[in-house]
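Participant: The structure is given below, and queries will be raised subsequently.
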Protein chains: 2
Amino acid sequence: MSDAIATYIDAHKARFVDELQEFLRFPSVSAQRSHDPDCLACAQWLQKHFADLGLDCTLEDQGGQPIVVARKKGKSDKRVVIYGHYDVQPEDPIDQWKTQPFEPVIKDEIIYARGATDDKGQLLAHVKAVEALLKTEGELPCEIIFMLEGEEESGGDALGRYVRGPGSELKPDAVVISDGDMYDETTPAITYGLRGIITFEVTVKGPGFDLHSGAYGGAVANPAMMLVQLLSQCATQDGHIKIPGFYDAVRPIPDWEAENIRSLNFDDQVILRDTQSPTLHGETEYNTLERLWARPTFEINGIYGGYQGQHSKTIIPSQATAKISVRLVPDQSPEQIRDLIFGYLRSISPDSVTLELEFTGGGPPVVYDVTTDTMQAAQAALKSGFDAEAKFIRTGGSIPVVSTFSDQWNCPVILMGLGLDSDGPHSPNEHFSLKNFYKGIKASVDLFRRMGS
Amino acid sequence: MSDAIATYIDAHKARFVDELQEFLRFPSVSAQRSHDPDCLACAQWLQKHFADLGLDCTLEDQGGQPIVVARKKGKSDKRVVIYGHYDVQPEDPIDQWKTQPFEPVIKDEIIYARGATDDKGQLLAHVKAVEALLKTEGELPCEIIFMLEGEEESGGDALGRYVRGPGSELKPDAVVISDGDMYDETTPAITYGLRGIITFEVTVKGPGFDLHSGAYGGAVANPAMMLVQLLSQCATQDGHIKIPGFYDAVRPIPDWEAENIRSLNFDDQVILRDTQSPTLHGETEYNTLERLWARPTFEINGIYGGYQGQHSKTIIPSQATAKISVRLVPDQSPEQIRDLIFGYLRSISPDSVTLELEFTGGGPPVVYDVTTDTMQAAQAALKSGFDAEAKFIRTGGSIPVVSTFSDQWNCPVILMGLGLDSDGPHSPNEHFSLKNFYKGIKASVDLFRRMGS
């Protein structure tokens, strides 16, 4: 990297962090309608920021939250799309935050706020790389198009509609996404595989209203107990999914991947420490990274029904609900797995209750070839920014939009996460390392140059 | 019944109902600390009411809510204790009430309000019987002592401490309790058996905070799923309890009871209609009344953990809780069953989560001999008040204080319910028949006379 650019980045760190703090103060929670005005204000802040840097920027309306699209031509004809999302997870459980979720606090070069790592901090690194290139060299090495959506955390498809519609002619040479993890605090990584996901709600309804559990217990079915019975038939205690046919499309782990995973020498203690869990858990025939990266899961994200107040209330609740997410791996199809699970639940639900199933979103799993020129360029750029060899890894998370890009443009998608699992992306006290923010800016500069050459 | 008393009762009906409305306006919810002042105000209202009638009345402090004790000597030395409770269930789910829970509404001779049937309306019938006797005859046929507690709905033991302590020397010839059901709308009943109960909370804790279900799903146990697994191992889908040893002390149903139950010709459609349930449910080898009266149950009263907001939040929740009530039948002991269940849950809980069990209250099951003079007198009094033969029945509900009286005083306890299951005692839109209120007053007058003779 030229001294001029590195010098520029180092000289403007403090302002970059001020800007990140401004960005984090928007409570852009897309899952809650009450925060729609905050999402819009956040998108408008980004629009002004891009305009000030000299990019052409529009807010694209495809229904749902606006999509921020900002573009500028470069020296070469090569084109890179930078994806990110400005919306964030809900902040609850609010009582477990040590600081205010939407008032960023910096301590020991770590910034704490909802959205710090997921995804505002990570996406802003690319914005600042564009600034550094423009301010020092006056032009970009390739054309850059930012596409920043506002409903990644709520399963919206406005960006999908944009990419398949007005944006379909913007086919780039690569899409770059920083919305994930490094291998560890000092080792960058390229994520070549993502789990897919479906989310849905299961509601079991029984009597028309809550009943006295003494007067009716034994004669009327308890919807909370029936929900428990249904869910317990979906997976074993060690996480093996019991739904017939569920594993039919699961691709076995190939030898090179099993070898790559072994070579990472992953330490299970990292997860125990980061999550404060009593022990690890899961299918005993797979090691931890295999379970996280290449095995599907069936998770209860939330469950509720009946009395939740102080002390006891001896009722048979009239209904109970569970919010479920199922992580998928190649070659499971979200639609097929949804139909399989819904059919299974309907087949085992007793007549004494009514079952309601609501599908709330999903996206397919993906894996990329790590041997292409683009992937190799990304690995080199990360080495330049972080001064460390980038690992090739997969992740247990899901970025449904990745397959939107793949399907529409059939181009490589470079997932170069700047965060860490332990940043707590969906948890209280979410945070992001400012050191990796600065290194990420430098890696992004290097990547744009390599893409332009 | 003398014409004078019947005439008095008929002449003062409207005022009796006004007084019941006043009584029902107190939101005396003992399970919620915020309602402590309302419980006290309600007890003070009763105190003034008794004093105005000429009874000696004190509020006894045994910790918890005050106990209203009101007494007056009678013509004979015989003594009857009237038990009732002035506290009520929480009103939620508030959105399912058609009228305000603490603003009584009368429609078609039915009064709607929280506590209408459980237990303010029922206990006030006895108060008005005492009034009618005093106002028409100037004295009572026997000594009457009201003991009205304020923590029946929250499992408190203040009344137990009173009965075992300062009240221990007040041993009566019988205790009368109206806190339950008639056989049907026109047929009174004496309840000679009650299920016992234990209530407890099961909390399963996993990671120290909510986790991203993609980043950690498959490696870290999901406490909500573990709670589901534990609870599903406690009972089958048809309600048979799977905890080893649970049924060891359950008394088989004797022939005379099975015959009595058959003779009642119970219609299952009544429950389907009253509860708006899809079908009935339970152990197939027992009929509905046998299941309700003489078989134990394991019910989830409430379950909660993780995200309950709009749409989805893809987390592994850090913990999940279920509130459980277990109904017991003779000769199951609450303490033994608690220990059995807690031991079982601990034995099946995996190392990947932490199990917390909190016992929140209980009381043993009881059955009384229906052939005694006292039971026969009660049956005759009900016939006098209701002009219909009283049935001998059991109930699936639990009144822990019944065994407190039996244990302390070894005297008969007459359970003459004036309500109906369909009154919705723990449900939204709780209500009570004013016709049965008036009949209950007359039956109470007759019972006091029979007890005094």
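Each chain of the structure tokens is named A, B, ... in the order shown, its residues numbered from 1; ligands are numbered from 1 in display order.
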Could you give me, as a list in words, the residues within 8 Å of Asp87 (chain A), counting only C-alpha atoms and dropping anything in the same chain fewer than 6 positions from it?

Facilitator: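 The neighbour list is Ser28, Val29, Ser30, Cys39, Gly115, Asp119, Glu149, Gly150, Glu151, Glu152 and Glu153 of chain A.
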
Participant: Export N, CA, C and O atoms of the chosen residues as a PDB file, in the first residue's frame?

Facilitator:
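As a result, part14.pdb now contains:
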```pdb
ATOM      1  N   SER A  28     -31.985   1.628  14.103  1.00  0.00           N
ATOM      2  CA  SER A  28     -32.589   1.156  12.845  1.00  0.00           C
ATOM      3  C   SER A  28     -32.971  -0.328  12.936  1.00  0.00           C
ATOM      4  O   SER A  28     -32.425  -1.169  12.242  1.00  0.00           O
ATOM      5  N   VAL A  29     -33.932  -0.607  13.813  1.00  0.00           N
ATOM      6  CA  VAL A  29     -34.399  -1.978  14.063  1.00  0.00           C
ATOM      7  C   VAL A  29     -35.508  -2.306  13.062  1.00  0.00           C
ATOM      8  O   VAL A  29     -36.651  -1.876  13.224  1.00  0.00           O
ATOM      9  N   SER A  30     -35.179  -3.059  12.044  1.00  0.00           N
ATOM     10  CA  SER A  30     -36.151  -3.260  10.960  1.00  0.00           C
ATOM     11  C   SER A  30     -37.272  -4.205  11.339  1.00  0.00           C
ATOM     12  O   SER A  30     -38.326  -4.198  10.714  1.00  0.00           O
ATOM     13  N   CYS A  39     -35.062   3.841  10.592  1.00  0.00           N
ATOM     14  CA  CYS A  39     -34.415   3.187   9.442  1.00  0.00           C
ATOM     15  C   CYS A  39     -34.276   4.201   8.300  1.00  0.00           C
ATOM     16  O   CYS A  39     -33.210   4.301   7.668  1.00  0.00           O
ATOM     17  N   GLY A 115     -25.382  -3.048  16.489  1.00  0.00           N
ATOM     18  CA  GLY A 115     -25.003  -2.806  15.098  1.00  0.00           C
ATOM     19  C   GLY A 115     -23.525  -2.552  14.908  1.00  0.00           C
ATOM     20  O   GLY A 115     -23.059  -2.407  13.769  1.00  0.00           O
ATOM     21  N   ASP A 119     -24.225  -4.442  11.128  1.00  0.00           N
ATOM     22  CA  ASP A 119     -23.120  -4.570  10.181  1.00  0.00           C
ATOM     23  C   ASP A 119     -22.526  -3.191   9.938  1.00  0.00           C
ATOM     24  O   ASP A 119     -21.723  -2.991   9.040  1.00  0.00           O
ATOM     25  N   GLU A 149     -28.735  -2.435   2.304  1.00  0.00           N
ATOM     26  CA  GLU A 149     -30.167  -2.655   2.531  1.00  0.00           C
ATOM     27  C   GLU A 149     -30.545  -2.423   3.993  1.00  0.00           C
ATOM     28  O   GLU A 149     -29.678  -2.288   4.871  1.00  0.00           O
ATOM     29  N   GLY A 150     -31.848  -2.366   4.226  1.00  0.00           N
ATOM     30  CA  GLY A 150     -32.350  -2.051   5.567  1.00  0.00           C
ATOM     31  C   GLY A 150     -33.279  -3.102   6.132  1.00  0.00           C
ATOM     32  O   GLY A 150     -34.042  -2.808   7.049  1.00  0.00           O
ATOM     33  N   GLU A 151     -33.220  -4.334   5.594  1.00  0.00           N
ATOM     34  CA  GLU A 151     -34.089  -5.351   6.184  1.00  0.00           C
ATOM     35  C   GLU A 151     -33.444  -6.733   6.214  1.00  0.00           C
ATOM     36  O   GLU A 151     -34.120  -7.747   6.115  1.00  0.00           O
ATOM     37  N   GLU A 152     -32.122  -6.728   6.435  1.00  0.00           N
ATOM     38  CA  GLU A 152     -31.420  -8.007   6.543  1.00  0.00           C
ATOM     39  C   GLU A 152     -31.836  -8.738   7.811  1.00  0.00           C
ATOM     40  O   GLU A 152     -31.949  -9.958   7.829  1.00  0.00           O
ATOM     41  N   GLU A 153     -32.073  -7.976   8.885  1.00  0.00           N
ATOM     42  CA  GLU A 153     -32.378  -8.590  10.189  1.00  0.00           C
ATOM     43  C   GLU A 153     -33.849  -8.957  10.326  1.00  0.00           C
ATOM     44  O   GLU A 153     -34.256  -9.480  11.365  1.00  0.00           O
TER      45      GLU A 153
END
```

Participant: Can you work out which one of B:Val445, B:Ala221, B:Leu345, B:Ala381 has the shortest atom-to-atom distance to chain A, counting only C-alpha atoms?

Facilitator: B:Ala221

Participant: Report as a list in words all protein, DNA and RNA residues lying within 12 Å of Gly156 (chain B), evaluated on only C-alpha atoms, omitting residues in the same chain fewer than 3 positions from it.

Facilitator: His311 and Ser312 of chain A; Ser30, Ala31, Gln62, Gly63, Gly64, Gln65, Pro66, Ile67, His85, Asp87, Glu149, Gly150, Glu151, Glu152, Glu153, Leu159, Gly160, Arg161, Tyr162, Thr360, Gly361, Gly362, Gly363, Ile399, Pro400 and Val401 of chain B

Participant: Could you pull the residues within 9 Å of region 263-271 of chain B, counting only C-alpha atoms, minus those fewer than 3 positions along the same chain, as a PyMOL selection string?

Facilitator: (chain A and resi 216+219-220) or (chain B and resi 258-260+274-277+280+288-289+391+421-422)

Participant: Grab the CA of Pro317 (chain A) to CA of Phe392 (chain B) distance for me, in Å with one decimal place.

Facilitator: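 Between CA of Pro317 (chain A) and CA of Phe392 (chain B) the gap is 29.4 Å.
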
Participant: Return as an MDAnalysis selection string the full set of residues in region 300-420 of chain A whose backbone-based DSSP assignment is helix (DSSP H, G or I).

Facilitator: chainID A and resid 334:348 373:386 400:409

Participant: Those residues you just picked out, can you put them in a file as a compact mmCIF listing (two decimals), in the first residue's frame with N, CA and C atoms?

Facilitator:
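Listing of out22.txt after writing:
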```
# COMPACT_ATOMS: atom_id res chain seq x y z
N PRO A 334 -34.59 -24.48 0.98
CA PRO A 334 -35.49 -23.91 1.99
C PRO A 334 -36.94 -24.33 1.77
N GLU A 335 -37.40 -24.30 0.52
CA GLU A 335 -38.80 -24.62 0.26
C GLU A 335 -39.10 -26.09 0.58
N GLN A 336 -38.18 -26.97 0.16
CA GLN A 336 -38.42 -28.40 0.42
C GLN A 336 -38.40 -28.70 1.90
N ILE A 337 -37.46 -28.08 2.64
CA ILE A 337 -37.36 -28.34 4.07
C ILE A 337 -38.58 -27.76 4.80
N ARG A 338 -39.01 -26.57 4.38
CA ARG A 338 -40.24 -26.00 4.96
C ARG A 338 -41.42 -26.97 4.78
N ASP A 339 -41.60 -27.47 3.55
CA ASP A 339 -42.73 -28.37 3.29
C ASP A 339 -42.61 -29.66 4.11
N LEU A 340 -41.38 -30.14 4.23
CA LEU A 340 -41.13 -31.38 4.98
C LEU A 340 -41.50 -31.19 6.45
N ILE A 341 -41.03 -30.07 7.04
CA ILE A 341 -41.28 -29.83 8.46
C ILE A 341 -42.76 -29.57 8.71
N PHE A 342 -43.36 -28.74 7.87
CA PHE A 342 -44.78 -28.43 8.07
C PHE A 342 -45.64 -29.70 7.93
N GLY A 343 -45.31 -30.51 6.95
CA GLY A 343 -46.06 -31.75 6.77
C GLY A 343 -45.91 -32.67 7.97
N TYR A 344 -44.68 -32.75 8.47
CA TYR A 344 -44.41 -33.61 9.63
C TYR A 344 -45.17 -33.12 10.85
N LEU A 345 -45.08 -31.80 11.12
CA LEU A 345 -45.78 -31.26 12.30
C LEU A 345 -47.29 -31.50 12.20
N ARG A 346 -47.83 -31.30 11.01
CA ARG A 346 -49.27 -31.54 10.85
C ARG A 346 -49.60 -33.00 11.09
N SER A 347 -48.71 -33.89 10.66
CA SER A 347 -49.01 -35.32 10.77
C SER A 347 -48.95 -35.81 12.22
N ILE A 348 -48.17 -35.13 13.07
CA ILE A 348 -48.05 -35.62 14.46
C ILE A 348 -48.89 -34.80 15.43
N ASP A 373 -9.34 -16.82 -9.18
CA ASP A 373 -8.50 -15.62 -9.10
C ASP A 373 -9.07 -14.63 -8.09
N THR A 374 -10.39 -14.45 -8.11
CA THR A 374 -11.02 -13.48 -7.22
C THR A 374 -10.78 -13.85 -5.75
N MET A 375 -10.98 -15.11 -5.43
CA MET A 375 -10.78 -15.55 -4.04
C MET A 375 -9.31 -15.38 -3.64
N GLN A 376 -8.42 -15.67 -4.58
CA GLN A 376 -7.00 -15.53 -4.27
C GLN A 376 -6.62 -14.06 -4.09
N ALA A 377 -7.24 -13.16 -4.90
CA ALA A 377 -6.99 -11.71 -4.76
C ALA A 377 -7.47 -11.23 -3.38
N ALA A 378 -8.61 -11.73 -2.97
CA ALA A 378 -9.15 -11.32 -1.67
C ALA A 378 -8.23 -11.78 -0.54
N GLN A 379 -7.72 -12.99 -0.68
CA GLN A 379 -6.81 -13.49 0.36
C GLN A 379 -5.57 -12.59 0.45
N ALA A 380 -5.05 -12.18 -0.72
CA ALA A 380 -3.86 -11.32 -0.74
C ALA A 380 -4.16 -9.94 -0.13
N ALA A 381 -5.35 -9.39 -0.44
CA ALA A 381 -5.72 -8.07 0.10
C ALA A 381 -5.81 -8.12 1.62
N LEU A 382 -6.39 -9.19 2.14
CA LEU A 382 -6.50 -9.31 3.60
C LEU A 382 -5.12 -9.40 4.23
N LYS A 383 -4.21 -10.12 3.56
CA LYS A 383 -2.85 -10.22 4.09
C LYS A 383 -2.21 -8.84 4.14
N SER A 384 -2.47 -8.05 3.10
CA SER A 384 -1.92 -6.70 3.04
C SER A 384 -2.47 -5.82 4.17
N GLY A 385 -3.79 -5.90 4.42
CA GLY A 385 -4.40 -5.04 5.44
C GLY A 385 -4.10 -5.49 6.85
N PHE A 386 -4.06 -6.80 7.07
CA PHE A 386 -3.95 -7.33 8.44
C PHE A 386 -2.57 -7.86 8.78
N PRO A 400 -28.92 -14.58 3.46
CA PRO A 400 -29.75 -14.99 2.32
C PRO A 400 -29.43 -14.23 1.04
N VAL A 401 -28.97 -12.98 1.19
CA VAL A 401 -28.75 -12.16 0.00
C VAL A 401 -27.60 -12.70 -0.87
N VAL A 402 -26.71 -13.49 -0.27
CA VAL A 402 -25.59 -14.04 -1.05
C VAL A 402 -26.10 -14.83 -2.23
N SER A 403 -27.12 -15.65 -1.98
CA SER A 403 -27.63 -16.44 -3.11
C SER A 403 -28.43 -15.58 -4.08
N THR A 404 -28.96 -14.46 -3.59
CA THR A 404 -29.60 -13.51 -4.51
C THR A 404 -28.59 -13.02 -5.54
N PHE A 405 -27.41 -12.63 -5.07
CA PHE A 405 -26.36 -12.16 -5.98
C PHE A 405 -25.88 -13.28 -6.90
N SER A 406 -25.61 -14.43 -6.31
CA SER A 406 -25.13 -15.57 -7.11
C SER A 406 -26.11 -15.91 -8.21
N ASP A 407 -27.38 -15.98 -7.82
CA ASP A 407 -28.41 -16.40 -8.78
C ASP A 407 -28.57 -15.38 -9.90
N GLN A 408 -28.53 -14.07 -9.55
CA GLN A 408 -28.80 -13.05 -10.55
C GLN A 408 -27.61 -12.83 -11.47
N TRP A 409 -26.42 -12.76 -10.89
CA TRP A 409 -25.26 -12.31 -11.66
C TRP A 409 -24.24 -13.42 -11.94
```

Participant: Would you pick out the contacts of Glu185 (chain A) at 9 Å or less, using only C-alpha atoms, so that residues sharing its chain but fewer than 6 positions from it are not included, and give the list as a tab-separated table (two decimals) with N, CA, C and O atoms, in the first residue's frame?

Facilitator:
```tsv
chain	number	residue	atom	x	y	z
A	419	GLY	N	-15.47	-8.94	11.70
A	419	GLY	CA	-15.90	-9.08	13.09
A	419	GLY	C	-15.46	-10.40	13.69
A	419	GLY	O	-14.67	-11.15	13.10
A	420	LEU	N	-15.97	-10.66	14.87
A	420	LEU	CA	-15.68	-11.90	15.59
A	420	LEU	C	-16.99	-12.43	16.16
A	420	LEU	O	-17.86	-11.65	16.55
A	433	SER	N	-14.09	-4.25	17.13
A	433	SER	CA	-12.72	-3.79	17.39
A	433	SER	C	-12.36	-2.66	16.43
A	433	SER	O	-12.40	-2.82	15.21
A	436	ASN	N	-9.48	-3.57	14.08
A	436	ASN	CA	-9.84	-4.30	12.87
A	436	ASN	C	-10.62	-3.42	11.89
A	436	ASN	O	-10.60	-3.66	10.69
```

Participant: Need the shell around Glu103 (chain A): protein/DNA/RNA residues with any atom at most 7 Å away, counting only C-alpha atoms. Skip same-chain ones fewer than 2 positions apart. Format as a PyMOL selection string?

Facilitator: chain A and resi 25+100-101+105+113

Participant: Please produce a file of those selected residues containing N, CA and C atoms, as a PDB file, in the first residue's frame.

Facilitator:
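Output below, filename again-v8.pdb:
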```
ATOM      1  N   ARG A  25     -25.873   5.565  16.236  1.00  0.00           N
ATOM      2  CA  ARG A  25     -26.914   6.152  17.101  1.00  0.00           C
ATOM      3  C   ARG A  25     -28.323   5.964  16.535  1.00  0.00           C
ATOM      4  N   GLN A 100     -25.923   1.893  26.982  1.00  0.00           N
ATOM      5  CA  GLN A 100     -27.114   2.054  26.153  1.00  0.00           C
ATOM      6  C   GLN A 100     -26.842   1.509  24.754  1.00  0.00           C
ATOM      7  N   PRO A 101     -27.752   0.686  24.198  1.00  0.00           N
ATOM      8  CA  PRO A 101     -27.482   0.061  22.890  1.00  0.00           C
ATOM      9  C   PRO A 101     -27.307   1.065  21.752  1.00  0.00           C
ATOM     10  N   VAL A 105     -20.238   3.512  23.102  1.00  0.00           N
ATOM     11  CA  VAL A 105     -19.218   3.775  24.123  1.00  0.00           C
ATOM     12  C   VAL A 105     -17.942   3.081  23.662  1.00  0.00           C
ATOM     13  N   ALA A 113     -22.097  -1.000  20.876  1.00  0.00           N
ATOM     14  CA  ALA A 113     -23.405  -0.479  20.460  1.00  0.00           C
ATOM     15  C   ALA A 113     -24.098  -1.559  19.639  1.00  0.00           C
TER      16      ALA A 113
END
```

Participant: Take CA of Glu285 (chain A) and CA of Lys242 (chain A) and report the distance between them in Å, one decimal.

Facilitator: 16.0 Å

Participant: Might you pull out every residue within 6 Å of region 68-74 of chain B, with only C-alpha atoms counted and same-chain residues fewer than 5 positions away left off, and present them as a PyMOL selection string?

Facilitator: chain B and resi 55-59+140-148

Participant: Calculate how many Å separate CA of Asp248 (chain A) from CA of Leu328 (chain A), rounding to one decimal.

Facilitator: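 If I compute the distance from CA of Asp248 (chain A) to CA of Leu328 (chain A), I get 11.9 Å.
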